[in-house]
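Below is one structure, written out as structure tokens; the observations come after it.
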Amino acid sequence: MRHVLSVLVENEPGVLSRVAGLFSGRGFNIESLNVGPTLEPDISLMTITTRGDEQIVEQIVKQLRKLITVIKVVDLTYEQAVEREMVLIKVNAEDEKRAEVLRIADIFRCKVVDVSPSDLTLEITGDQNKIKAIINLLQRFGIKEFARSGTVALRRSMQID
Amino acid sequence: MELTGAQILLECLKKEGVSHIFGFPGGAVIDIYHHLPNYPFRHILVRHEQGAVHAADGYARSTGKVGVCLVTSGPGATNTVTGIATAYMDSVPLVVFTGQVPTALIGNDAFQEVDIVGITRPCTKHNFLVKDVKDLAFIVKKAFYIASTGRPGPVVVDLPKDVMQAKTAFSYPEKISLRSYNPHYEPNKKQIKKAARLIAKGSRPLIYGGGGIISSGAHDILTLLARKFKIPVTTTLMGLGAFPAPDELWLGMLGMHGTYAANMAVNNSDVLISVGARFDDRVTGKVSTFAPRAKIIHIDIDPTSIRKNVQVDIPIVADCKLALEALLQELEEMDINWEQEHRDWLDKITEWKESHPLRYEQSETKVKPQFVVETLYELTQGEAIITTEVGQNQMWAAQFYHYKYPRSFISSGGLGTMGYGFPAAIGAQLAHPERLVVDIAGDGSIQMNIQELATAVSYDLPVKILILNNGYLGMVRQWQELFYDKNYCATCLHKNPDFVALAKAYGAEGFRIIKPQEVRPVLEEALKIKKPTVIDVWVEPEENVYPMVPAGASLTEMLLV
Ligand SMILES: Cc1ncc(C[n+]2csc(CCOP(=O)(O)OP(=O)(O)O)c2C)c(N)n1
Ligand SMILES: [Mg+2]
């Protein structure tokens with residue numbers, strides 16, 4: 001099962017390699033990892049998505065907590081959370097295809113962020129399903145390149161059960 | 001007044017109450033060595049940095065205090081890695097200071113530069129690179145705090161040369177608290193109550209203890225609890241000494257080379273109380289058949305140890321000593337005749353002990369290694385500190401010497417590091433000048449750090465090295481004999497040195513034992529000598545360690561003699 005972990009860490013050199021090394025050294029997998037500073041300059045937030053059965057993910061969470069530079073770990077899988085990823089997609093859009101690519105972009109509320117005679121670069125933000133869907137749709141035009149930010153997520157303030 | 005980084009470092013060590021520093025100098029740490037004579041520490045100059053770390057480790061395991069090392073950058077630092085990994089696997093508190101090239105050169109492939117913080121990241125509890133002399137005192141404080149609290153472990157502090165030369169005012173923090181590191185010591189009361197109820201309900205309880213009992217100082221309370229409620233005890237290799245071996249509740253070690261009684265008890269127990277142990281594969285054998293009839297209570301300070309290898313029924317994350325104290329109180333309130341409740345179980349265990357004790361075939365002509373260890377036990381009455389190398393020698397030391405006290409059996413369990421025992425004995429001897437310290441060694445292992453004979457001779461340490469010389473990398477040969485068609489590839493040590501002559505060349509004493517009749521008198525004489533002493537015992541070359549649970553088999557599938 002896929003888990004999204006929200007990890008607060010000390011913002012100091014080496015902290016990323018401690019986390020990454022933990023995953024590689026123990027044979028855990030990282031599907032995506034996103035890091036950025038928080039409003040407190042000495043703390044960063046990492047959002048890590050990983051896969052594994054319950055026992056493995058429990059180990060991952062405990063092992064993360066055991067790292068001296070990790071302040072807090074929350075497994076958002078057990079909470080209600082908003083989850084987004086941003087993707088930049090450079091897709092073939094020549095002549096007669098162009099209109100259709102733009103129509104899809106419109107339906108998915110993408111932004112066109114770069115244009116050339118032969119291709120368009122779209123910016124799309126959404127959860128995993130939405131991103132999977134648009135990649136599927138655009139594939140037949142030929143995706144030249146794409147770059148993903150990795151998932152970021154926040155716990156919802158109101159947890160409704 | 002301003003001090004240099006080198007002076008600040010040494011002031012910090014003074015504040016931490018450090019008595020011994022195990023080290024080896026080089027360009028990157030000359031500044032520290034320059035000031036060292038002005039401080040009250042005893043510096044032990046080893047002959048190889050691996051020896052420094054193992055010696056600090058032996059010092060730490062035999063005292064419970066933090067062991068301290070000081071080495072230079074580059075090769076000095078890389079030579080410590082095996083020692084650090086050894087300490088990490090066995091949760092030993094160490095602080096290792098490594099020299100580093102000046103900060104301006106870091107990353108330039110400077111002379112003797114190595115990224116030791118990167119290299120040791122996965123085998124330390126934590127590590128630091130000090131970039132500014134103003135941070136130095138606080139980092140040293142953190143290093144000792146992290147190494148010695150929670151589940152202990154080694155910490156590396158990397159010290160660039162210019163930071164050691166820079167000056168700043170010195171002040172040492174009295175107290176420390178870290179937002180990202182708060183070890184949890186107190187047991188959860190509800191879990192303790194549940195555990196007590198489970199124990200009360202069961203009729204075949206068993207304590208399975210590990211090194212955590214020793215590091216938390218829980219041996220007395222464990223002994224009290226076991227005796228009061230008539231619960232038999234087995235431990236891992238790391239737990240030897242946590243419960244007095246002469247006690248009738250003692251079953252011996254469990255696992256791959258555990259006793260028949262201990263492994264049978266695990267198999268038949270209905271409540272397994274695991275204390276400060278981590279269900280390592282050498283202990284459990286095939287995990288799915290481990291303790292198949294038992295509900296499991298697992299007490300450990302490290303949450304990651306719990307449910308890592310086996311599912312447990314009652315997890316208790318806590319300091320072992322505090323948890324056992326709480327459990328004892330809870331059990332005391334129950335109105336149960338424990339003696340009566342557990343009588344059948346204890347009788348069954350006695351039966352196993354009597355039908356299958358640890359044994360070996362005595363010989364008139366060849367010296368049996370087990371006999372040597374047994375004789376050592378008789379001569380010392382279990383009062384010695386025993387360190388071991390790795391292999392068959394280690395297992396015989398675990399089986400045929402009987403440990404009455406914690407911190408008297410010192411062995412590399414998790415990593416299984418050949419070459420550990422002798423330097424560890426040096427560290428233990430320095431910490432306990434009045435005690436007899438014996439390294440039970442193999443002829444292969446001893447050659448991995450034999451250069452430390454020079455250290456032992458320099459400091460006039462009366463450590464004893466008892467080499468069970470079988471002319472083989474015996475434990476590997478045993479596996480080849482049993483599971484690889486006797487293909488003794490690369491395990492025969494047919495050109496061993498003359499260990500007696502070698503000892504003498506270093507200025508130590510040397511003895512040789514070839515016949516069984518010589519074992520007792522020669523040992524007796526050798527143990528009296530107040531100098532480093534090597535006793536080279538030519539033992540039966542193809543003797544095996546039994547019982548043995550083949551790797552991956554269930555504990556009940558023991559090969560017996
Ligand atoms: C540094 C290191 N290298 C290799 C091994 C693998 N190993 C485990 S036991 C053993 C044999 C040790 O030989 P010896 O010290 O003579 O002990 P014996 O088993 O003969 O008593 C070896 C090679 C190890 N544990 N450590
Ligand atoms: Mg040998």
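Ordered as shown in the structure tokens, chains take letters A, B, and onward, while each chain numbers its residues from 1 and ligands are numbered from 1 in the order shown.
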Shell around Lys130 of chain A at 10 Å using only C-alpha atoms, local window under 4 positions removed, as a PyMOL selection string: chain A and resi 84-85+108+124-126+134-136
The selected residues should be written to file as a PDB file, in the first residue's frame (atoms: N, CA and C atoms).
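Produced file result.pdb, reproduced below:
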ATOM      1  N   ARG A  84      -1.056  16.914  -3.120  1.00  0.00           N
ATOM      2  CA  ARG A  84      -0.888  17.466  -4.471  1.00  0.00           C
ATOM      3  C   ARG A  84       0.506  17.169  -4.993  1.00  0.00           C
ATOM      4  N   GLU A  85       0.540  17.069  -6.341  1.00  0.00           N
ATOM      5  CA  GLU A  85       1.831  17.017  -6.987  1.00  0.00           C
ATOM      6  C   GLU A  85       1.773  17.946  -8.187  1.00  0.00           C
ATOM      7  N   PHE A 108      -8.382  19.898 -17.842  1.00  0.00           N
ATOM      8  CA  PHE A 108      -7.664  19.566 -16.605  1.00  0.00           C
ATOM      9  C   PHE A 108      -7.162  20.800 -15.855  1.00  0.00           C
ATOM     10  N   ILE A 124       0.658  21.111 -14.547  1.00  0.00           N
ATOM     11  CA  ILE A 124      -0.562  20.542 -13.972  1.00  0.00           C
ATOM     12  C   ILE A 124      -0.346  20.236 -12.506  1.00  0.00           C
ATOM     13  N   THR A 125      -1.389  20.531 -11.733  1.00  0.00           N
ATOM     14  CA  THR A 125      -1.311  20.238 -10.309  1.00  0.00           C
ATOM     15  C   THR A 125      -2.515  19.386  -9.935  1.00  0.00           C
ATOM     16  N   GLY A 126      -2.280  18.377  -9.130  1.00  0.00           N
ATOM     17  CA  GLY A 126      -3.423  17.578  -8.718  1.00  0.00           C
ATOM     18  C   GLY A 126      -2.993  16.406  -7.864  1.00  0.00           C
ATOM     19  N   ILE A 134      -4.027  12.543 -16.842  1.00  0.00           N
ATOM     20  CA  ILE A 134      -3.573  13.431 -17.924  1.00  0.00           C
ATOM     21  C   ILE A 134      -2.362  12.844 -18.648  1.00  0.00           C
ATOM     22  N   ILE A 135      -1.513  12.172 -17.897  1.00  0.00           N
ATOM     23  CA  ILE A 135      -0.360  11.552 -18.571  1.00  0.00           C
ATOM     24  C   ILE A 135      -0.865  10.515 -19.571  1.00  0.00           C
ATOM     25  N   ASN A 136      -1.843   9.750 -19.152  1.00  0.00           N
ATOM     26  CA  ASN A 136      -2.451   8.771 -20.055  1.00  0.00           C
ATOM     27  C   ASN A 136      -2.994   9.417 -21.320  1.00  0.00           C
TER      28      ASN A 136
END
Near-Val522 of chain B list (9 Å; only C-alpha atoms; drop same-chain fewer than 3 positions) as a PyMOL selection string: chain B and resi 511-513+518-519+525-527+535
Dump as an mmCIF file, in the first residue's frame, selection limited to N, CA and C atoms:
data_model
loop_
_atom_site.group_PDB
_atom_site.id
_atom_site.type_symbol
_atom_site.label_atom_id
_atom_site.label_comp_id
_atom_site.auth_asym_id
_atom_site.auth_seq_id
_atom_site.Cartn_x
_atom_site.Cartn_y
_atom_site.Cartn_z
ATOM 1 N N PHE B 511 53.364 -19.329 26.651
ATOM 2 C CA PHE B 511 53.282 -20.720 27.093
ATOM 3 C C PHE B 511 52.661 -21.550 25.989
ATOM 4 N N ARG B 512 53.007 -22.833 26.001
ATOM 5 C CA ARG B 512 52.349 -23.706 25.030
ATOM 6 C C ARG B 512 51.789 -24.930 25.757
ATOM 7 N N ILE B 513 50.609 -25.334 25.327
ATOM 8 C CA ILE B 513 49.994 -26.538 25.884
ATOM 9 C C ILE B 513 49.703 -27.480 24.736
ATOM 10 N N GLU B 518 48.662 -31.110 30.551
ATOM 11 C CA GLU B 518 49.338 -29.833 30.795
ATOM 12 C C GLU B 518 48.354 -28.691 31.043
ATOM 13 N N VAL B 519 47.114 -28.933 30.684
ATOM 14 C CA VAL B 519 46.163 -27.820 30.671
ATOM 15 C C VAL B 519 46.086 -27.122 32.026
ATOM 16 N N GLU B 525 49.799 -21.683 36.222
ATOM 17 C CA GLU B 525 51.021 -20.881 36.280
ATOM 18 C C GLU B 525 50.861 -19.579 35.479
ATOM 19 N N ALA B 526 50.319 -19.722 34.288
ATOM 20 C CA ALA B 526 50.215 -18.557 33.402
ATOM 21 C C ALA B 526 49.312 -17.476 33.992
ATOM 22 N N LEU B 527 48.233 -17.894 34.651
ATOM 23 C CA LEU B 527 47.280 -16.913 35.171
ATOM 24 C C LEU B 527 47.884 -16.078 36.289
ATOM 25 N N ILE B 535 48.914 -17.826 25.852
ATOM 26 C CA ILE B 535 48.909 -19.269 26.106
ATOM 27 C C ILE B 535 48.384 -19.935 24.840
#
Contacts of ligand 2, 10 Å or closer, only C-alpha atoms and all ligand atoms, given as a PyMOL selection string: chain B and resi 390-393+441-446+467-477+491-493+538-539+541-542
Distance filter 12 Å, only C-alpha atoms, chain A against chain B, as an NGL selection string: :A and (7-26 or 43 or 54-73)
Shell around Ile139 of chain B at 12 Å using only C-alpha atoms, local window under 5 positions removed, as a PDB file with C-alpha atoms, in the first residue's frame:
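Generated output (around39.pdb):
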ATOM      1  CA  ILE B   8      38.277  23.365  24.337  1.00  0.00           C
ATOM      2  CA  LEU B   9      37.955  19.753  23.225  1.00  0.00           C
ATOM      3  CA  CYS B  12      35.068  19.215  27.453  1.00  0.00           C
ATOM      4  CA  LEU B  13      36.481  15.733  27.981  1.00  0.00           C
ATOM      5  CA  VAL B  95      32.658   8.918  21.140  1.00  0.00           C
ATOM      6  CA  PHE B  97      37.056  11.968  17.480  1.00  0.00           C
ATOM      7  CA  HIS B 126      24.806   9.969  15.067  1.00  0.00           C
ATOM      8  CA  ASN B 127      27.767  11.938  13.780  1.00  0.00           C
ATOM      9  CA  PHE B 128      28.945  15.527  13.513  1.00  0.00           C
ATOM     10  CA  LEU B 129      31.310  17.657  11.478  1.00  0.00           C
ATOM     11  CA  VAL B 130      32.389  20.680  13.517  1.00  0.00           C
ATOM     12  CA  LYS B 131      32.640  23.648  11.179  1.00  0.00           C
ATOM     13  CA  ASP B 132      33.006  26.451  13.666  1.00  0.00           C
ATOM     14  CA  VAL B 133      34.940  26.473  16.909  1.00  0.00           C
ATOM     15  CA  LYS B 134      31.986  28.259  18.539  1.00  0.00           C
ATOM     16  CA  PHE B 144      28.325  12.262  24.908  1.00  0.00           C
ATOM     17  CA  TYR B 145      24.636  12.729  25.642  1.00  0.00           C
ATOM     18  CA  ILE B 146      23.522  10.882  22.526  1.00  0.00           C
ATOM     19  CA  ALA B 147      26.106   8.104  22.923  1.00  0.00           C
ATOM     20  CA  VAL B 155      29.018   8.835  17.874  1.00  0.00           C
ATOM     21  CA  VAL B 156      31.684  10.277  15.558  1.00  0.00           C
ATOM     22  CA  VAL B 157      32.855  13.885  15.830  1.00  0.00           C
ATOM     23  CA  ASP B 158      34.945  15.077  12.892  1.00  0.00           C
ATOM     24  CA  LEU B 159      37.367  17.890  13.764  1.00  0.00           C
ATOM     25  CA  TYR B 172      30.350  24.032  28.703  1.00  0.00           C
ATOM     26  CA  PRO B 173      26.590  23.552  28.794  1.00  0.00           C
ATOM     27  CA  ILE B 176      21.083  19.593  27.396  1.00  0.00           C
ATOM     28  CA  LEU B 178      17.176  18.258  22.070  1.00  0.00           C
TER      29      LEU B 178
END
Nearby residues (only C-alpha atoms) at most 8 Å from Gln394 of chain B, same-chain spacing under 5 positions excluded, as a list in words: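 In the requested form, the answer reads Thr388, Glu389, Ser411, Ile440 and Ala441 of chain B.
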Which of segment 52-233 of chain B fall in alpha helix (DSSP H), as a ChimeraX atom specification: /B:52-63,75-78,81-89,116-120,133-148,161-165,189-201,211-215,219-229
For atom CA of Lys464 of chain B and atom CA of Pro497 of chain B, the interatomic separation in Å (one decimal):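 Interatomic distance here is 18.1 Å.
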